[in-house]
Amino acid sequence: MSKNICFIDGLEGILKYREVDINQLVELSYDAVSYLLIQGELPGDKELAEYSACLHGEREVNREVLDVIHMCNFNIDSMEALRTIVSFISQFDPDINDSSPEGNMRKATRLIAKIPTIVAAYYRIANGKEPVPPDPSLSHGANFLYMIRGSKPSQLEAEIMEKDFILSAEHELNASTFSSRVTASTLSDLYSAVVSGLCTLKGPLHGGARSEVVNMIEEIAYPENAEKVVLEKLAKKEKIMGFGHRVYKTYDPRGLIFKQLAKQLAEAKGDMHWYEIAEIIENTVVCELVKKKGKPIYPNVDFYSGVVYKYMDIPPQLATSIFAIGRVSGWIAHCFDQYEKKRIIRPRAFMLDEC
């Protein structure tokens with residue numbers, strides 16, 4: 001059942017995929033977590049080696065895909081390009097009309113493997129550079145950074161990118177996952193269901209907050225400006241991006257992990273500048289809201305992940321697409337669960353009044 005894919009306790013700040021705590025999951029590879037979500041259990045060494053070999057072997061995209069990327073309007077959000085290309089590549093999938101569990105699994109592998117290549121190729125081409133072919137010897141996170149930069153990342157950066165994908169992989173019935181499940185419930189193909197998820201994730205109320213966090217800390221620029229800017233925004237009742245969550249009433253457990261990762265990066269680079277700005281923003285928001293409302297609002301997954309992206313020189317316009325790279329495994333797990341049900345999702349209109 002779908003509730004077994006993910007468990008959240010918003011009061012205690014607990015997140016589990018398939019009954020495995022998120023703090024344990026981030027010590028694994030993304031391939032292992034992807035396998036867990038889709039297959040329902042952690043892989044053994046043999047299963048993981050086989051699954052990773054399949055993923056790494058499906059990373060290449062064909063020439064036609066690169067031709068379509070060259071025709072894109074490079075002033076658009078990268079999510080618009082990604083949804084177009086994912087829809088386009090479906091026609092080249094030999095299993096497009098095979099809806100058997102085996103056929104769907106082959107499609108799933110290709111989607112998980114190719115989406116990072118599409119995002120990286122779009123970024124390179126949009127900036128007047130040649131795409132960098134994927135390296136099958138690298139992990140999911142390391143390979144993505146390599147395809148963006150053209151050079152291999154440090155071990156710490158590779159590990160943090162891997163953890164980023166894991167932390168983004170699944171989060172219960174959020175808007176994009178529900179959208180994917182609705183499409184899958186009609187027995188439409190897996191590509192269509194993933195495109196539905198991409199279209200929903202693109203919305204700024206769902207997947208767009210990370211880029212706004214990066215823009216905010218760049219706007220503040222210096223630690224000594226942070227408290228003043230936050231107080232001014234709060235006085236004007238402006239939203240501070242990266243704070244609060246519909247589910248968590250305490251610190252988002254993913255946010256805590258990202259805070260640790262941001263500090264590790266800052267220390268490794270010998271530059272605490274952006275981390276200090278973020279800490280001042282956090283402390284100011286928490287203190288002010290305790291004064292005004294009697295309770296704090298904590299950072300969510302987007303806040304310190306934005307700081308991580310700043311330290312890794314990941315451009316803000318790629319933030320939501322990178323979220324999608326991690327989340328696709330979760331969408332697929334839910335789609336497979338919905339395919340087994342063979343029952344269409346048909347909410348009643350009166351339910352909208354509760355949203």
# chains A, B, ... in the order shown; residues from 1 in each chain; ligands from 1
$ residues_around --residues "Glu279 in chain A" --least-positions-apart "6" --cutoff "12 Å" --atoms "only C-alpha atoms" --output "list in words"
Ile217, Pro223, Glu224, Ala226, Glu227, Val230, Lys259, Gln260, Ala262, Lys263, Met272, His273, Val285, Val286, Tyr298, Pro299, Phe303, Tyr304 and Val307 of chain A
$ residues_around --residues "Ala81 in chain A" --least-positions-apart "5" --cutoff "8 Å" --atoms "only C-alpha atoms" --output "PyMOL selection string"
chain A and resi 69+72+76+122
$ closest_atom_pairs --of "range 148-241 of chain A" --to "range 25-48 of chain A" --cutoff "7 Å" --atoms "only C-alpha atoms" --output "Markdown table"
| residue | atom | partner | partner_atom | distance |
| --- | --- | --- | --- | --- |
| A:Glu162 | CA | A:Tyr30 | CA | 6.0 |
| A:Lys163 | CA | A:Val26 | CA | 5.4 |
| A:Phe165 | CA | A:Tyr30 | CA | 6.6 |
| A:Ile166 | CA | A:Tyr30 | CA | 5.6 |
$ write_last_selection --atoms "N, CA, C and O atoms" --output "mmCIF file, in the first residue's frame"
data_model
loop_
_atom_site.group_PDB
_atom_site.id
_atom_site.type_symbol
_atom_site.label_atom_id
_atom_site.label_comp_id
_atom_site.auth_asym_id
_atom_site.auth_seq_id
_atom_site.Cartn_x
_atom_site.Cartn_y
_atom_site.Cartn_z
ATOM 1 N N GLU A 162 24.770 13.045 -3.869
ATOM 2 C CA GLU A 162 24.099 11.756 -3.704
ATOM 3 C C GLU A 162 23.061 11.852 -2.578
ATOM 4 O O GLU A 162 21.927 11.380 -2.713
ATOM 5 N N LYS A 163 23.444 12.466 -1.473
ATOM 6 C CA LYS A 163 22.522 12.623 -0.346
ATOM 7 C C LYS A 163 21.361 13.541 -0.724
ATOM 8 O O LYS A 163 20.212 13.332 -0.289
ATOM 9 N N PHE A 165 19.944 13.813 -3.662
ATOM 10 C CA PHE A 165 18.979 13.005 -4.415
ATOM 11 C C PHE A 165 18.185 12.082 -3.498
ATOM 12 O O PHE A 165 16.982 11.874 -3.698
ATOM 13 N N ILE A 166 18.846 11.529 -2.488
ATOM 14 C CA ILE A 166 18.161 10.634 -1.544
ATOM 15 C C ILE A 166 17.118 11.408 -0.738
ATOM 16 O O ILE A 166 15.981 10.951 -0.563
#
$ residues_around --residues "Ile5 in chain A" --least-positions-apart "4" --cutoff "12 Å" --atoms "only C-alpha atoms" --output "ChimeraX atom specification"
/A:1,15-21,33-41,169-173,177,329-338
$ residues_around --residues "Gly255 in chain A" --least-positions-apart "6" --cutoff "12 Å" --atoms "only C-alpha atoms" --output "mmCIF file with C-alpha atoms, in the first residue's frame"
data_model
loop_
_atom_site.group_PDB
_atom_site.id
_atom_site.type_symbol
_atom_site.label_atom_id
_atom_site.label_comp_id
_atom_site.auth_asym_id
_atom_site.auth_seq_id
_atom_site.Cartn_x
_atom_site.Cartn_y
_atom_site.Cartn_z
ATOM 1 C CA GLY A 13 10.113 15.013 12.862
ATOM 2 C CA ILE A 14 10.412 11.442 11.592
ATOM 3 C CA LEU A 15 10.692 10.441 7.927
ATOM 4 C CA ILE A 22 16.037 8.925 6.578
ATOM 5 C CA ASN A 23 19.168 9.246 8.732
ATOM 6 C CA ASP A 164 20.583 15.454 -1.995
ATOM 7 C CA LEU A 167 16.572 13.397 0.558
ATOM 8 C CA SER A 168 14.464 14.435 -2.441
ATOM 9 C CA ARG A 210 15.219 26.274 -3.373
ATOM 10 C CA GLY A 242 12.509 27.934 3.038
ATOM 11 C CA PHE A 243 10.559 28.088 6.306
ATOM 12 C CA GLY A 244 7.531 26.146 7.496
ATOM 13 C CA HIS A 245 5.909 22.982 6.224
ATOM 14 C CA TYR A 248 6.128 19.103 10.031
ATOM 15 C CA LEU A 261 25.890 19.175 4.889
ATOM 16 C CA ALA A 262 25.993 22.949 4.327
ATOM 17 C CA GLU A 282 17.217 31.041 10.752
ATOM 18 C CA TYR A 298 11.689 26.021 11.454
ATOM 19 C CA PRO A 299 13.578 25.693 8.158
ATOM 20 C CA ASN A 300 12.261 23.079 5.764
ATOM 21 C CA VAL A 301 14.138 20.966 3.231
ATOM 22 C CA ASP A 302 14.596 23.889 0.848
ATOM 23 C CA PHE A 303 16.422 26.324 3.126
ATOM 24 C CA TYR A 304 19.819 24.762 3.753
ATOM 25 C CA SER A 305 19.680 22.822 0.487
ATOM 26 C CA GLY A 306 19.738 26.246 -1.163
ATOM 27 C CA VAL A 307 22.893 27.029 0.818
ATOM 28 C CA VAL A 308 24.417 23.721 -0.322
#
$ closest_residue --among "A:Leu231, A:Ile297, A:Ala268, A:Ala113" --to "Arg246 in chain A" --atoms "only C-alpha atoms"
A:Ile297
$ closest_residue --among "A:Lys342, A:Arg181, A:His140, A:Lys310" --to "Val213 in chain A" --atoms "only C-alpha atoms"
A:Lys310
$ closest_residue --among "A:Gln24, A:Gln155, A:Ser52, A:Thr320" --to "Gly197 in chain A" --atoms "only C-alpha atoms"
A:Thr320
$ closest_residue --among "A:Glu130, A:Glu218, A:Glu60, A:Glu340" --to "Asn104 in chain A" --atoms "only C-alpha atoms"
A:Glu340
$ select_by_dssp --residues "range 120-353 of chain A" --states "alpha helix (DSSP H)" --output "PyMOL selection string"
chain A and resi 120-126+140-149+155-168+175-185+190-201+209-220+223-235+253-269+273-293+301-311+319-341
$ closest_residue --among "A:Val247, A:Val229, A:Leu82, A:Leu190" --to "Asp9 in chain A" --atoms "only C-alpha atoms"
A:Val247
$ residues_around --residues "range 88-101 of chain A" --least-positions-apart "3" --cutoff "10 Å" --atoms "only C-alpha atoms" --output "list in words"
Val61, Asn62, Glu64, Val65, Val68, Leu82, Arg83, Thr84, Ile85, Asn104, Met105, Arg106, Lys107, Arg110, Leu111, Lys114, Leu187, Ser188, Asp189, Leu190, Tyr191, Ser192, Phe336, Tyr339 and Glu340 of chain A
$ atom_distance --atom1 "CA of Val182 in chain A" --atom2 "CA of Ile344 in chain A"
7.3 Å
$ residues_around --residues "Asp135 in chain A" --least-positions-apart "5" --cutoff "10 Å" --atoms "only C-alpha atoms" --output "list of chain:residue names"
A:His56, A:Gly57, A:Arg59, A:Glu60, A:His140, A:Ala142, A:Asn143, A:Phe144, A:Tyr146, A:Met147, A:Lys152
$ decode --residues "range 145-170 of chain A" --atoms "N, CA, C and O atoms" --output "PDB file, in the first residue's frame"
ATOM      1  N   LEU A 145      27.161  15.881 -11.413  1.00  0.00           N
ATOM      2  CA  LEU A 145      28.051  17.031 -11.287  1.00  0.00           C
ATOM      3  C   LEU A 145      29.106  17.030 -12.396  1.00  0.00           C
ATOM      4  O   LEU A 145      29.454  18.086 -12.938  1.00  0.00           O
ATOM      5  N   TYR A 146      29.601  15.851 -12.747  1.00  0.00           N
ATOM      6  CA  TYR A 146      30.577  15.729 -13.833  1.00  0.00           C
ATOM      7  C   TYR A 146      29.976  16.203 -15.158  1.00  0.00           C
ATOM      8  O   TYR A 146      30.619  16.940 -15.921  1.00  0.00           O
ATOM      9  N   MET A 147      28.729  15.818 -15.437  1.00  0.00           N
ATOM     10  CA  MET A 147      28.093  16.212 -16.700  1.00  0.00           C
ATOM     11  C   MET A 147      27.813  17.707 -16.748  1.00  0.00           C
ATOM     12  O   MET A 147      27.798  18.306 -17.825  1.00  0.00           O
ATOM     13  N   ILE A 148      27.597  18.335 -15.608  1.00  0.00           N
ATOM     14  CA  ILE A 148      27.385  19.787 -15.581  1.00  0.00           C
ATOM     15  C   ILE A 148      28.701  20.538 -15.762  1.00  0.00           C
ATOM     16  O   ILE A 148      28.791  21.500 -16.526  1.00  0.00           O
ATOM     17  N   ARG A 149      29.719  20.075 -15.059  1.00  0.00           N
ATOM     18  CA  ARG A 149      30.976  20.837 -14.998  1.00  0.00           C
ATOM     19  C   ARG A 149      31.990  20.459 -16.066  1.00  0.00           C
ATOM     20  O   ARG A 149      32.826  21.269 -16.455  1.00  0.00           O
ATOM     21  N   GLY A 150      31.976  19.183 -16.468  1.00  0.00           N
ATOM     22  CA  GLY A 150      33.013  18.709 -17.373  1.00  0.00           C
ATOM     23  C   GLY A 150      34.258  18.251 -16.642  1.00  0.00           C
ATOM     24  O   GLY A 150      35.251  17.875 -17.266  1.00  0.00           O
ATOM     25  N   SER A 151      34.207  18.282 -15.320  1.00  0.00           N
ATOM     26  CA  SER A 151      35.318  17.767 -14.500  1.00  0.00           C
ATOM     27  C   SER A 151      34.711  17.033 -13.313  1.00  0.00           C
ATOM     28  O   SER A 151      33.597  17.348 -12.872  1.00  0.00           O
ATOM     29  N   LYS A 152      35.454  16.060 -12.797  1.00  0.00           N
ATOM     30  CA  LYS A 152      34.918  15.252 -11.708  1.00  0.00           C
ATOM     31  C   LYS A 152      34.901  16.045 -10.405  1.00  0.00           C
ATOM     32  O   LYS A 152      35.837  16.789 -10.107  1.00  0.00           O
ATOM     33  N   PRO A 153      33.832  15.902  -9.617  1.00  0.00           N
ATOM     34  CA  PRO A 153      33.730  16.647  -8.357  1.00  0.00           C
ATOM     35  C   PRO A 153      34.632  16.048  -7.287  1.00  0.00           C
ATOM     36  O   PRO A 153      35.136  14.922  -7.428  1.00  0.00           O
ATOM     37  N   SER A 154      34.803  16.786  -6.213  1.00  0.00           N
ATOM     38  CA  SER A 154      35.510  16.239  -5.055  1.00  0.00           C
ATOM     39  C   SER A 154      34.672  15.131  -4.440  1.00  0.00           C
ATOM     40  O   SER A 154      33.455  15.028  -4.696  1.00  0.00           O
ATOM     41  N   GLN A 155      35.290  14.315  -3.623  1.00  0.00           N
ATOM     42  CA  GLN A 155      34.563  13.227  -2.977  1.00  0.00           C
ATOM     43  C   GLN A 155      33.438  13.774  -2.111  1.00  0.00           C
ATOM     44  O   GLN A 155      32.327  13.227  -2.104  1.00  0.00           O
ATOM     45  N   LEU A 156      33.689  14.863  -1.376  1.00  0.00           N
ATOM     46  CA  LEU A 156      32.655  15.443  -0.516  1.00  0.00           C
ATOM     47  C   LEU A 156      31.487  15.952  -1.349  1.00  0.00           C
ATOM     48  O   LEU A 156      30.319  15.703  -1.016  1.00  0.00           O
ATOM     49  N   GLU A 157      31.770  16.656  -2.443  1.00  0.00           N
ATOM     50  CA  GLU A 157      30.694  17.165  -3.297  1.00  0.00           C
ATOM     51  C   GLU A 157      29.878  16.021  -3.888  1.00  0.00           C
ATOM     52  O   GLU A 157      28.641  16.096  -3.951  1.00  0.00           O
ATOM     53  N   ALA A 158      30.556  14.962  -4.329  1.00  0.00           N
ATOM     54  CA  ALA A 158      29.848  13.799  -4.888  1.00  0.00           C
ATOM     55  C   ALA A 158      28.937  13.171  -3.843  1.00  0.00           C
ATOM     56  O   ALA A 158      27.781  12.815  -4.134  1.00  0.00           O
ATOM     57  N   GLU A 159      29.438  13.028  -2.627  1.00  0.00           N
ATOM     58  CA  GLU A 159      28.632  12.430  -1.552  1.00  0.00           C
ATOM     59  C   GLU A 159      27.435  13.311  -1.207  1.00  0.00           C
ATOM     60  O   GLU A 159      26.329  12.801  -0.976  1.00  0.00           O
ATOM     61  N   ILE A 160      27.637  14.619  -1.196  1.00  0.00           N
ATOM     62  CA  ILE A 160      26.541  15.523  -0.853  1.00  0.00           C
ATOM     63  C   ILE A 160      25.479  15.539  -1.952  1.00  0.00           C
ATOM     64  O   ILE A 160      24.278  15.560  -1.668  1.00  0.00           O
ATOM     65  N   MET A 161      25.897  15.486  -3.224  1.00  0.00           N
ATOM     66  CA  MET A 161      24.923  15.419  -4.312  1.00  0.00           C
ATOM     67  C   MET A 161      24.109  14.133  -4.231  1.00  0.00           C
ATOM     68  O   MET A 161      22.902  14.127  -4.449  1.00  0.00           O
ATOM     69  N   GLU A 162      24.770  13.045  -3.869  1.00  0.00           N
ATOM     70  CA  GLU A 162      24.099  11.756  -3.704  1.00  0.00           C
ATOM     71  C   GLU A 162      23.061  11.852  -2.578  1.00  0.00           C
ATOM     72  O   GLU A 162      21.927  11.380  -2.713  1.00  0.00           O
ATOM     73  N   LYS A 163      23.444  12.466  -1.473  1.00  0.00           N
ATOM     74  CA  LYS A 163      22.522  12.623  -0.346  1.00  0.00           C
ATOM     75  C   LYS A 163      21.361  13.541  -0.724  1.00  0.00           C
ATOM     76  O   LYS A 163      20.212  13.332  -0.289  1.00  0.00           O
ATOM     77  N   ASP A 164      21.643  14.560  -1.523  1.00  0.00           N
ATOM     78  CA  ASP A 164      20.583  15.454  -1.995  1.00  0.00           C
ATOM     79  C   ASP A 164      19.516  14.666  -2.752  1.00  0.00           C
ATOM     80  O   ASP A 164      18.313  14.842  -2.514  1.00  0.00           O
ATOM     81  N   PHE A 165      19.944  13.813  -3.662  1.00  0.00           N
ATOM     82  CA  PHE A 165      18.979  13.005  -4.415  1.00  0.00           C
ATOM     83  C   PHE A 165      18.185  12.082  -3.498  1.00  0.00           C
ATOM     84  O   PHE A 165      16.982  11.874  -3.698  1.00  0.00           O
ATOM     85  N   ILE A 166      18.846  11.529  -2.488  1.00  0.00           N
ATOM     86  CA  ILE A 166      18.161  10.634  -1.544  1.00  0.00           C
ATOM     87  C   ILE A 166      17.118  11.408  -0.738  1.00  0.00           C
ATOM     88  O   ILE A 166      15.981  10.951  -0.563  1.00  0.00           O
ATOM     89  N   LEU A 167      17.486  12.590  -0.248  1.00  0.00           N
ATOM     90  CA  LEU A 167      16.572  13.397   0.558  1.00  0.00           C
ATOM     91  C   LEU A 167      15.384  13.901  -0.249  1.00  0.00           C
ATOM     92  O   LEU A 167      14.334  14.207   0.311  1.00  0.00           O
ATOM     93  N   SER A 168      15.545  13.977  -1.560  1.00  0.00           N
ATOM     94  CA  SER A 168      14.464  14.435  -2.441  1.00  0.00           C
ATOM     95  C   SER A 168      13.610  13.299  -2.980  1.00  0.00           C
ATOM     96  O   SER A 168      12.583  13.546  -3.624  1.00  0.00           O
ATOM     97  N   ALA A 169      14.005  12.059  -2.732  1.00  0.00           N
ATOM     98  CA  ALA A 169      13.442  10.926  -3.473  1.00  0.00           C
ATOM     99  C   ALA A 169      11.973  10.651  -3.198  1.00  0.00           C
ATOM    100  O   ALA A 169      11.254  10.178  -4.080  1.00  0.00           O
ATOM    101  N   GLU A 170      11.498  10.935  -1.998  1.00  0.00           N
ATOM    102  CA  GLU A 170      10.141  10.537  -1.662  1.00  0.00           C
ATOM    103  C   GLU A 170       9.614  11.382  -0.507  1.00  0.00           C
ATOM    104  O   GLU A 170      10.366  11.758   0.398  1.00  0.00           O
TER     105      GLU A 170
END
